[in-house]
file input_35.txt (compact mmCIF, N, CA and C atoms and all ligand atoms)
# COMPACT_ATOMS: atom_id res chain seq x y z
N ASP A 1 -6.90 -94.89 40.18
CA ASP A 1 -7.98 -95.77 40.62
C ASP A 1 -9.23 -94.91 40.87
N PRO A 2 -10.41 -95.33 40.41
CA PRO A 2 -11.63 -94.54 40.62
C PRO A 2 -11.89 -94.24 42.10
N ALA A 3 -11.40 -95.09 43.00
CA ALA A 3 -11.56 -94.84 44.44
C ALA A 3 -10.81 -93.59 44.88
N ASP A 4 -9.86 -93.14 44.04
CA ASP A 4 -9.07 -91.95 44.38
C ASP A 4 -9.75 -90.66 43.90
N TYR A 5 -10.98 -90.76 43.40
CA TYR A 5 -11.68 -89.56 42.95
C TYR A 5 -12.38 -88.87 44.12
N ASP A 6 -12.11 -87.58 44.27
CA ASP A 6 -12.73 -86.79 45.35
C ASP A 6 -13.80 -85.88 44.75
N ASP A 7 -15.05 -86.11 45.11
CA ASP A 7 -16.19 -85.33 44.59
C ASP A 7 -16.12 -83.85 44.91
N ASN A 8 -15.27 -83.47 45.82
CA ASN A 8 -15.18 -82.07 46.21
C ASN A 8 -14.04 -81.32 45.54
N ASN A 9 -13.41 -81.93 44.51
CA ASN A 9 -12.38 -81.17 43.78
C ASN A 9 -13.04 -79.99 43.05
N ILE A 10 -12.22 -78.99 42.74
CA ILE A 10 -12.77 -77.72 42.24
C ILE A 10 -13.50 -77.89 40.90
N PHE A 11 -13.04 -78.80 40.04
CA PHE A 11 -13.73 -78.97 38.75
C PHE A 11 -15.03 -79.72 38.92
N ALA A 12 -15.13 -80.62 39.91
CA ALA A 12 -16.41 -81.26 40.22
C ALA A 12 -17.41 -80.19 40.65
N LYS A 13 -16.95 -79.22 41.43
CA LYS A 13 -17.84 -78.14 41.88
C LYS A 13 -18.25 -77.25 40.70
N ILE A 14 -17.32 -77.00 39.79
CA ILE A 14 -17.65 -76.22 38.58
C ILE A 14 -18.67 -77.01 37.74
N LEU A 15 -18.44 -78.32 37.57
CA LEU A 15 -19.38 -79.14 36.79
C LEU A 15 -20.78 -79.12 37.40
N ARG A 16 -20.86 -79.09 38.72
CA ARG A 16 -22.17 -79.07 39.40
C ARG A 16 -22.74 -77.66 39.48
N GLY A 17 -22.01 -76.67 39.02
CA GLY A 17 -22.50 -75.29 39.06
C GLY A 17 -22.40 -74.67 40.44
N GLU A 18 -21.61 -75.26 41.32
CA GLU A 18 -21.51 -74.74 42.69
C GLU A 18 -20.55 -73.57 42.78
N ILE A 19 -19.59 -73.50 41.85
CA ILE A 19 -18.77 -72.31 41.75
C ILE A 19 -18.75 -71.87 40.29
N PRO A 20 -18.62 -70.57 40.06
CA PRO A 20 -18.75 -70.05 38.71
C PRO A 20 -17.54 -70.35 37.83
N SER A 21 -17.78 -70.37 36.53
CA SER A 21 -16.69 -70.48 35.57
C SER A 21 -17.13 -69.75 34.31
N HIS A 22 -16.15 -69.35 33.51
CA HIS A 22 -16.44 -68.71 32.23
C HIS A 22 -16.43 -69.79 31.16
N ARG A 23 -17.62 -70.37 30.91
CA ARG A 23 -17.71 -71.51 29.99
C ARG A 23 -17.73 -71.03 28.55
N ILE A 24 -16.93 -71.67 27.72
CA ILE A 24 -16.91 -71.31 26.30
C ILE A 24 -17.49 -72.42 25.43
N TYR A 25 -17.67 -73.62 26.00
CA TYR A 25 -18.21 -74.75 25.23
C TYR A 25 -18.82 -75.73 26.21
N GLU A 26 -19.93 -76.36 25.80
CA GLU A 26 -20.49 -77.45 26.60
C GLU A 26 -21.26 -78.37 25.68
N ASP A 27 -21.10 -79.69 25.89
CA ASP A 27 -21.99 -80.67 25.28
C ASP A 27 -22.33 -81.70 26.34
N ALA A 28 -22.94 -82.80 25.95
CA ALA A 28 -23.41 -83.79 26.93
C ALA A 28 -22.27 -84.39 27.73
N HIS A 29 -21.07 -84.42 27.15
CA HIS A 29 -19.97 -85.19 27.75
C HIS A 29 -18.82 -84.34 28.27
N THR A 30 -18.75 -83.09 27.86
CA THR A 30 -17.55 -82.29 28.08
C THR A 30 -17.92 -80.82 28.28
N ILE A 31 -17.15 -80.11 29.12
CA ILE A 31 -17.24 -78.65 29.17
C ILE A 31 -15.85 -78.07 28.93
N ALA A 32 -15.82 -76.79 28.54
CA ALA A 32 -14.55 -76.07 28.44
C ALA A 32 -14.78 -74.68 29.02
N PHE A 33 -13.81 -74.22 29.82
CA PHE A 33 -13.92 -72.90 30.45
C PHE A 33 -12.54 -72.28 30.56
N MET A 34 -12.52 -70.97 30.80
CA MET A 34 -11.26 -70.23 30.88
C MET A 34 -10.53 -70.58 32.17
N ASP A 35 -9.22 -70.77 32.09
CA ASP A 35 -8.40 -70.99 33.28
C ASP A 35 -8.35 -69.69 34.09
N VAL A 36 -8.54 -69.81 35.41
CA VAL A 36 -8.59 -68.63 36.27
C VAL A 36 -7.20 -67.99 36.44
N MET A 37 -6.13 -68.76 36.22
CA MET A 37 -4.75 -68.24 36.31
C MET A 37 -4.05 -68.54 35.00
N PRO A 38 -4.44 -67.85 33.91
CA PRO A 38 -3.98 -68.24 32.57
C PRO A 38 -2.46 -68.14 32.40
N GLN A 39 -1.89 -69.15 31.75
CA GLN A 39 -0.46 -69.12 31.41
C GLN A 39 -0.20 -68.14 30.28
N ALA A 40 -1.22 -67.87 29.49
CA ALA A 40 -1.18 -66.88 28.41
C ALA A 40 -2.65 -66.54 28.12
N PRO A 41 -2.91 -65.38 27.52
CA PRO A 41 -4.30 -65.03 27.20
C PRO A 41 -4.96 -66.12 26.35
N GLY A 42 -6.18 -66.49 26.72
CA GLY A 42 -6.91 -67.50 25.97
C GLY A 42 -6.72 -68.92 26.47
N HIS A 43 -6.10 -69.07 27.64
CA HIS A 43 -5.85 -70.40 28.24
C HIS A 43 -7.19 -71.03 28.63
N VAL A 44 -7.54 -72.14 27.98
CA VAL A 44 -8.81 -72.84 28.20
C VAL A 44 -8.52 -74.21 28.81
N LEU A 45 -9.43 -74.66 29.68
CA LEU A 45 -9.39 -76.02 30.22
C LEU A 45 -10.56 -76.80 29.63
N VAL A 46 -10.27 -77.97 29.07
CA VAL A 46 -11.30 -78.87 28.54
C VAL A 46 -11.47 -80.00 29.55
N VAL A 47 -12.70 -80.17 30.03
CA VAL A 47 -12.97 -81.06 31.15
C VAL A 47 -14.08 -82.05 30.81
N PRO A 48 -13.74 -83.34 30.67
CA PRO A 48 -14.78 -84.35 30.49
C PRO A 48 -15.67 -84.41 31.73
N LYS A 49 -16.98 -84.60 31.54
CA LYS A 49 -17.90 -84.60 32.68
C LYS A 49 -17.78 -85.83 33.57
N PRO A 50 -17.58 -87.04 33.03
CA PRO A 50 -17.52 -88.21 33.92
C PRO A 50 -16.40 -88.07 34.96
N ALA A 51 -16.64 -88.62 36.13
CA ALA A 51 -15.66 -88.54 37.21
C ALA A 51 -14.46 -89.42 36.90
N SER A 52 -13.32 -88.78 36.64
CA SER A 52 -12.06 -89.53 36.64
C SER A 52 -10.99 -88.59 37.18
N ARG A 53 -10.04 -89.17 37.89
CA ARG A 53 -8.99 -88.39 38.56
C ARG A 53 -8.04 -87.78 37.54
N ASN A 54 -7.70 -88.57 36.52
CA ASN A 54 -6.79 -88.11 35.46
C ASN A 54 -6.85 -89.13 34.33
N ILE A 55 -5.89 -89.04 33.39
CA ILE A 55 -5.97 -89.91 32.21
C ILE A 55 -5.78 -91.39 32.58
N LEU A 56 -5.17 -91.63 33.72
CA LEU A 56 -4.80 -93.00 34.09
C LEU A 56 -6.02 -93.86 34.43
N ASP A 57 -7.12 -93.21 34.84
CA ASP A 57 -8.33 -93.98 35.17
C ASP A 57 -9.51 -93.59 34.29
N ALA A 58 -9.25 -92.91 33.18
CA ALA A 58 -10.34 -92.42 32.33
C ALA A 58 -10.84 -93.50 31.38
N ASP A 59 -12.11 -93.39 31.04
CA ASP A 59 -12.73 -94.28 30.06
C ASP A 59 -12.28 -93.86 28.66
N PRO A 60 -11.82 -94.82 27.82
CA PRO A 60 -11.33 -94.45 26.48
C PRO A 60 -12.34 -93.72 25.60
N ALA A 61 -13.61 -94.04 25.72
CA ALA A 61 -14.61 -93.33 24.91
C ALA A 61 -14.72 -91.87 25.36
N THR A 62 -14.63 -91.66 26.67
CA THR A 62 -14.62 -90.29 27.20
C THR A 62 -13.42 -89.52 26.67
N LEU A 63 -12.27 -90.17 26.67
CA LEU A 63 -11.05 -89.53 26.17
C LEU A 63 -11.17 -89.20 24.69
N ALA A 64 -11.71 -90.13 23.92
CA ALA A 64 -11.82 -89.93 22.47
C ALA A 64 -12.69 -88.72 22.18
N HIS A 65 -13.80 -88.59 22.90
CA HIS A 65 -14.65 -87.42 22.70
C HIS A 65 -13.93 -86.15 23.16
N ALA A 66 -13.28 -86.24 24.33
CA ALA A 66 -12.62 -85.05 24.88
C ALA A 66 -11.57 -84.51 23.91
N ILE A 67 -10.80 -85.40 23.27
CA ILE A 67 -9.76 -84.90 22.38
C ILE A 67 -10.37 -84.23 21.15
N SER A 68 -11.57 -84.66 20.76
CA SER A 68 -12.24 -83.96 19.65
C SER A 68 -12.66 -82.56 20.08
N VAL A 69 -13.02 -82.41 21.36
CA VAL A 69 -13.35 -81.07 21.87
C VAL A 69 -12.08 -80.23 22.00
N VAL A 70 -10.98 -80.85 22.45
CA VAL A 70 -9.68 -80.15 22.51
C VAL A 70 -9.35 -79.58 21.13
N GLN A 71 -9.57 -80.37 20.09
CA GLN A 71 -9.28 -79.89 18.72
C GLN A 71 -10.15 -78.69 18.37
N LYS A 72 -11.46 -78.77 18.64
CA LYS A 72 -12.35 -77.64 18.34
C LYS A 72 -11.90 -76.39 19.08
N VAL A 73 -11.57 -76.55 20.37
CA VAL A 73 -11.15 -75.41 21.19
C VAL A 73 -9.83 -74.84 20.67
N ALA A 74 -8.91 -75.72 20.29
CA ALA A 74 -7.61 -75.27 19.78
C ALA A 74 -7.79 -74.43 18.52
N ILE A 75 -8.64 -74.90 17.62
CA ILE A 75 -8.91 -74.15 16.38
C ILE A 75 -9.54 -72.80 16.72
N ALA A 76 -10.48 -72.81 17.68
CA ALA A 76 -11.18 -71.57 18.03
C ALA A 76 -10.24 -70.56 18.69
N VAL A 77 -9.43 -71.01 19.68
CA VAL A 77 -8.58 -70.03 20.37
C VAL A 77 -7.46 -69.52 19.46
N LYS A 78 -6.98 -70.38 18.55
CA LYS A 78 -5.96 -69.90 17.61
C LYS A 78 -6.51 -68.75 16.79
N ASP A 79 -7.77 -68.88 16.40
CA ASP A 79 -8.41 -67.84 15.59
C ASP A 79 -8.70 -66.61 16.45
N VAL A 80 -9.40 -66.81 17.57
CA VAL A 80 -9.88 -65.67 18.37
C VAL A 80 -8.72 -64.87 18.94
N PHE A 81 -7.64 -65.54 19.34
CA PHE A 81 -6.49 -64.85 19.94
C PHE A 81 -5.39 -64.58 18.91
N ASP A 82 -5.70 -64.82 17.64
CA ASP A 82 -4.77 -64.54 16.55
C ASP A 82 -3.38 -65.12 16.85
N ALA A 83 -3.37 -66.39 17.32
CA ALA A 83 -2.14 -67.03 17.78
C ALA A 83 -1.35 -67.61 16.61
N ASP A 84 -0.04 -67.82 16.86
CA ASP A 84 0.82 -68.49 15.88
C ASP A 84 0.80 -70.00 16.04
N GLY A 85 0.43 -70.46 17.25
CA GLY A 85 0.38 -71.89 17.52
C GLY A 85 -0.47 -72.14 18.75
N VAL A 86 -0.66 -73.40 19.08
CA VAL A 86 -1.47 -73.77 20.24
C VAL A 86 -0.74 -74.87 21.02
N PHE A 87 -0.55 -74.61 22.30
CA PHE A 87 0.08 -75.58 23.22
C PHE A 87 -1.02 -76.36 23.91
N ILE A 88 -0.90 -77.70 23.93
CA ILE A 88 -1.88 -78.57 24.59
C ILE A 88 -1.12 -79.42 25.60
N ALA A 89 -1.64 -79.45 26.85
CA ALA A 89 -0.95 -80.19 27.91
C ALA A 89 -1.95 -80.85 28.84
N GLN A 90 -1.47 -81.84 29.53
CA GLN A 90 -2.34 -82.65 30.39
C GLN A 90 -1.44 -83.33 31.41
N PHE A 91 -1.72 -83.15 32.72
CA PHE A 91 -0.83 -83.61 33.79
C PHE A 91 -1.51 -84.68 34.65
N ASN A 92 -0.74 -85.68 35.04
CA ASN A 92 -1.30 -86.80 35.80
C ASN A 92 -0.49 -87.09 37.05
N GLU A 93 -1.13 -86.82 38.20
CA GLU A 93 -0.56 -87.03 39.53
C GLU A 93 0.41 -85.88 39.89
N PRO A 94 0.56 -85.63 41.19
CA PRO A 94 1.39 -84.50 41.64
C PRO A 94 2.81 -84.52 41.09
N ALA A 95 3.38 -85.68 40.94
CA ALA A 95 4.76 -85.76 40.44
C ALA A 95 4.88 -85.18 39.04
N ALA A 96 3.77 -85.17 38.30
CA ALA A 96 3.76 -84.63 36.94
C ALA A 96 3.16 -83.24 36.88
N GLY A 97 2.85 -82.65 38.04
CA GLY A 97 2.34 -81.29 38.06
C GLY A 97 0.83 -81.15 38.18
N GLN A 98 0.11 -82.24 38.36
CA GLN A 98 -1.35 -82.14 38.50
C GLN A 98 -1.69 -81.52 39.85
N THR A 99 -2.59 -80.51 39.84
CA THR A 99 -3.02 -79.87 41.09
C THR A 99 -4.51 -79.99 41.32
N VAL A 100 -5.29 -80.20 40.25
CA VAL A 100 -6.73 -80.41 40.39
C VAL A 100 -7.01 -81.83 39.90
N PHE A 101 -7.67 -82.61 40.76
CA PHE A 101 -7.74 -84.05 40.52
C PHE A 101 -9.06 -84.48 39.90
N HIS A 102 -9.37 -83.82 38.77
CA HIS A 102 -10.41 -84.23 37.83
C HIS A 102 -9.79 -84.03 36.44
N LEU A 103 -9.85 -85.06 35.62
CA LEU A 103 -9.20 -85.03 34.30
C LEU A 103 -9.47 -83.73 33.54
N HIS A 104 -8.41 -83.13 33.01
CA HIS A 104 -8.57 -81.92 32.20
C HIS A 104 -7.38 -81.75 31.25
N PHE A 105 -7.64 -81.02 30.18
CA PHE A 105 -6.65 -80.69 29.17
C PHE A 105 -6.48 -79.18 29.12
N HIS A 106 -5.23 -78.71 29.09
CA HIS A 106 -4.93 -77.30 28.90
C HIS A 106 -4.78 -77.03 27.41
N VAL A 107 -5.44 -75.96 26.94
CA VAL A 107 -5.31 -75.52 25.54
C VAL A 107 -4.91 -74.04 25.60
N ILE A 108 -3.70 -73.74 25.12
CA ILE A 108 -3.12 -72.40 25.34
C ILE A 108 -2.62 -71.83 24.02
N PRO A 109 -3.22 -70.70 23.57
CA PRO A 109 -2.71 -70.05 22.37
C PRO A 109 -1.27 -69.56 22.60
N ARG A 110 -0.44 -69.66 21.59
CA ARG A 110 0.96 -69.25 21.72
C ARG A 110 1.31 -68.29 20.60
N HIS A 111 2.08 -67.26 20.97
CA HIS A 111 2.56 -66.28 20.00
C HIS A 111 4.07 -66.36 19.88
N GLU A 112 4.58 -66.25 18.68
CA GLU A 112 6.03 -66.26 18.45
C GLU A 112 6.71 -65.28 19.40
N GLY A 113 7.72 -65.74 20.13
CA GLY A 113 8.52 -64.84 20.96
C GLY A 113 7.94 -64.57 22.34
N ALA A 114 6.69 -64.96 22.61
CA ALA A 114 6.09 -64.69 23.93
C ALA A 114 6.41 -65.83 24.87
N ALA A 115 6.89 -65.49 26.08
CA ALA A 115 7.24 -66.52 27.06
C ALA A 115 5.99 -66.96 27.81
N LEU A 116 5.92 -68.25 28.15
CA LEU A 116 4.90 -68.71 29.09
C LEU A 116 5.24 -68.14 30.46
N LYS A 117 4.20 -67.87 31.28
CA LYS A 117 4.44 -67.47 32.66
C LYS A 117 5.15 -68.62 33.39
N PRO A 118 6.08 -68.30 34.30
CA PRO A 118 6.77 -69.34 35.05
C PRO A 118 5.80 -70.11 35.97
P1 LIG A 201 -3.16 -78.82 36.68
O1 LIG A 201 -3.93 -79.66 37.68
O2 LIG A 201 -3.24 -79.37 35.29
O3 LIG A 201 -1.75 -78.56 37.09
O4 LIG A 201 -3.79 -77.38 36.60
C1 LIG A 201 -5.04 -77.02 37.11
C2 LIG A 201 -5.43 -75.71 36.47
O5 LIG A 201 -6.69 -75.32 37.01
C3 LIG A 201 -4.47 -74.54 36.72
O6 LIG A 201 -4.06 -74.01 35.47
C4 LIG A 201 -5.31 -73.55 37.52
O7 LIG A 201 -5.03 -72.21 37.19
C5 LIG A 201 -6.72 -73.93 37.17
N1 LIG A 201 -7.69 -73.66 38.20
C6 LIG A 201 -7.57 -73.94 39.53
N2 LIG A 201 -8.67 -73.56 40.19
C7 LIG A 201 -9.51 -73.03 39.27
C8 LIG A 201 -10.82 -72.47 39.35
O8 LIG A 201 -11.43 -72.35 40.42
N3 LIG A 201 -11.38 -72.03 38.19
C9 LIG A 201 -10.74 -72.12 36.99
N4 LIG A 201 -11.38 -71.67 35.91
N5 LIG A 201 -9.50 -72.66 36.88
C10 LIG A 201 -8.90 -73.09 38.00

call {"tool": "encode", "arguments": {"input": "input_35.txt", "output": "structure tokens", "more": "lines below"}}
Ligand code: 5GP
result
Amino acid sequence: DPADYDDNNIFAKILRGEIPSHRIYEDAHTIAFMDVMPQAPGHVLVVPKPASRNILDADPATLAHAISVVQKVAIAVKDVFDADGVFIAQFNEPAAGQTVFHLHFHVIPRHEGAALKP
């Protein structure tokens, strides 16, 4: 529910420029920056700018654009990190592992035989 959106979540602060991030992409609707605790080298978070808690309350047009940015980022990190594959994930609500309550997508380069951090 949009009423469950907290303006003081960490990605809202990053979007407002109140805390720093290593941005690798930005357009009118979406930003992408490096995850501060990467699961593997090259772990990027793709974050739509409009306020939504997660995919459950997101606007479909926002989602459609965001997934096109996820694709661009996936292609870029696969190349830059010379990866064998790319893992894409997205969590909704604490029961599913969500810890930051502004919609975001994880894009993580993967190498054959390399374990994800626990
Ligand atoms: P999730 O909510 O999907 O479980 O994960 C949130 C992700 O945000 C985690 O991978 C975590 O490392 C990342 N994260 C949390 N705080 C910050 C921050 O201040 N800056 C950046 N760049 N990433 C963060």

call {"tool": "residues_near_ligand", "arguments": {"input": "input_35.txt", "ligand": "ligand LIG 201 (chain A)", "cutoff": "6 Å", "atoms": "only N, CA and C atoms and all ligand atoms", "output": "short mmCIF file (atom, residue, chain, number, x, y, z; two decimals) with N, CA and C atoms, in the frame of the given file"}}
result
data_model
loop_
_atom_site.label_atom_id
_atom_site.label_comp_id
_atom_site.auth_asym_id
_atom_site.auth_seq_id
_atom_site.Cartn_x
_atom_site.Cartn_y
_atom_site.Cartn_z
N ILE A 10 -12.22 -78.99 42.74
CA ILE A 10 -12.77 -77.72 42.24
C ILE A 10 -13.50 -77.89 40.90
N SER A 21 -17.78 -70.37 36.53
CA SER A 21 -16.69 -70.48 35.57
C SER A 21 -17.13 -69.75 34.31
N HIS A 22 -16.15 -69.35 33.51
CA HIS A 22 -16.44 -68.71 32.23
C HIS A 22 -16.43 -69.79 31.16
N PHE A 33 -13.81 -74.22 29.82
CA PHE A 33 -13.92 -72.90 30.45
C PHE A 33 -12.54 -72.28 30.56
N MET A 34 -12.52 -70.97 30.80
CA MET A 34 -11.26 -70.23 30.88
C MET A 34 -10.53 -70.58 32.17
N ASP A 35 -9.22 -70.77 32.09
CA ASP A 35 -8.40 -70.99 33.28
C ASP A 35 -8.35 -69.69 34.09
N VAL A 36 -8.54 -69.81 35.41
CA VAL A 36 -8.59 -68.63 36.27
C VAL A 36 -7.20 -67.99 36.44
N MET A 37 -6.13 -68.76 36.22
CA MET A 37 -4.75 -68.24 36.31
C MET A 37 -4.05 -68.54 35.00
N PRO A 38 -4.44 -67.85 33.91
CA PRO A 38 -3.98 -68.24 32.57
C PRO A 38 -2.46 -68.14 32.40
N GLN A 90 -1.47 -81.84 29.53
CA GLN A 90 -2.34 -82.65 30.39
C GLN A 90 -1.44 -83.33 31.41
N PHE A 91 -1.72 -83.15 32.72
CA PHE A 91 -0.83 -83.61 33.79
C PHE A 91 -1.51 -84.68 34.65
N GLY A 97 2.85 -82.65 38.04
CA GLY A 97 2.34 -81.29 38.06
C GLY A 97 0.83 -81.15 38.18
N GLN A 98 0.11 -82.24 38.36
CA GLN A 98 -1.35 -82.14 38.50
C GLN A 98 -1.69 -81.52 39.85
N THR A 99 -2.59 -80.51 39.84
CA THR A 99 -3.02 -79.87 41.09
C THR A 99 -4.51 -79.99 41.32
N VAL A 100 -5.29 -80.20 40.25
CA VAL A 100 -6.73 -80.41 40.39
C VAL A 100 -7.01 -81.83 39.90
N PHE A 101 -7.67 -82.61 40.76
CA PHE A 101 -7.74 -84.05 40.52
C PHE A 101 -9.06 -84.48 39.90
#

call {"tool": "closest_residue", "arguments": {"input": "input_35.txt", "among": "A:Arg53, A:Ala12, A:Ala28, A:Pro41", "to": "Asn92 in chain A", "atoms": "all atoms listed in the file"}}
result
A:Arg53

call {"tool": "select_by_dssp", "arguments": {"input": "input_35.txt", "residues": "chain A", "states": "strand (DSSP E or B)", "output": "list in words"}}
result
Arg23, Ile24, Tyr25, Glu26, Thr30, Ile31, Ala32, Phe33, Met34, Val44, Leu45, Val46, Val47, Pro48, Gly85, Val86, Phe87, Ile88, Ala89, Phe105, His106, Val107, Ile108, Pro109 and Arg110 of chain A

call {"tool": "atom_distance", "arguments": {"input": "input_35.txt", "atom1": "CA of Ile75 in chain A", "atom2": "CA of Pro94 in chain A"}}
result
29.2 Å

call {"tool": "residues_around", "arguments": {"input": "input_35.txt", "residues": "Glu112 in chain A", "least_positions_apart": "2", "cutoff": "12 Å", "atoms": "only C-alpha atoms", "output": "number ranges by chain"}}
result
A: 82-86, 109-110, 114-116

call {"tool": "select_by_dssp", "arguments": {"input": "input_35.txt", "residues": "chain A", "states": "helix (DSSP H, G or I)", "output": "PyMOL selection string"}}
result
chain A and resi 2-4+10-15+55-57+60-80+94-96

call {"tool": "atom_distance", "arguments": {"input": "input_35.txt", "atom1": "CA of Val46 in chain A", "atom2": "CA of Phe105 in chain A"}}
result
5.0 Å

call {"tool": "closest_residue", "arguments": {"input": "input_35.txt", "among": "A:Ala51, A:Ala66, A:Ile108, A:Ala74", "to": "Ile31 in chain A", "atoms": "all atoms listed in the file"}}
result
A:Ala66

call {"tool": "residues_near_point", "arguments": {"input": "input_35.txt", "point": "(-19.4, -79.0, 32.5)", "cutoff": "6 Å", "atoms": "only C-alpha atoms", "output": "list in words"}}
result
Leu15, Thr30, Ile31 and Lys49 of chain A

call {"tool": "closest_residue", "arguments": {"input": "input_35.txt", "among": "A:Asp59, A:His111, A:Ala64, A:His104", "to": "Lys78 in chain A", "atoms": "only C-alpha atoms"}}
result
A:His111

call {"tool": "closest_residue", "arguments": {"input": "input_35.txt", "among": "A:Arg16, A:Lys72, A:His102, A:His29", "to": "Ser52 in chain A", "atoms": "all atoms listed in the file"}}
result
A:His102

call {"tool": "closest_residue", "arguments": {"input": "input_35.txt", "among": "A:Leu103, A:Ala89, A:Ala76, A:Ala95", "to": "Thr62 in chain A", "atoms": "only C-alpha atoms"}}
result
A:Leu103
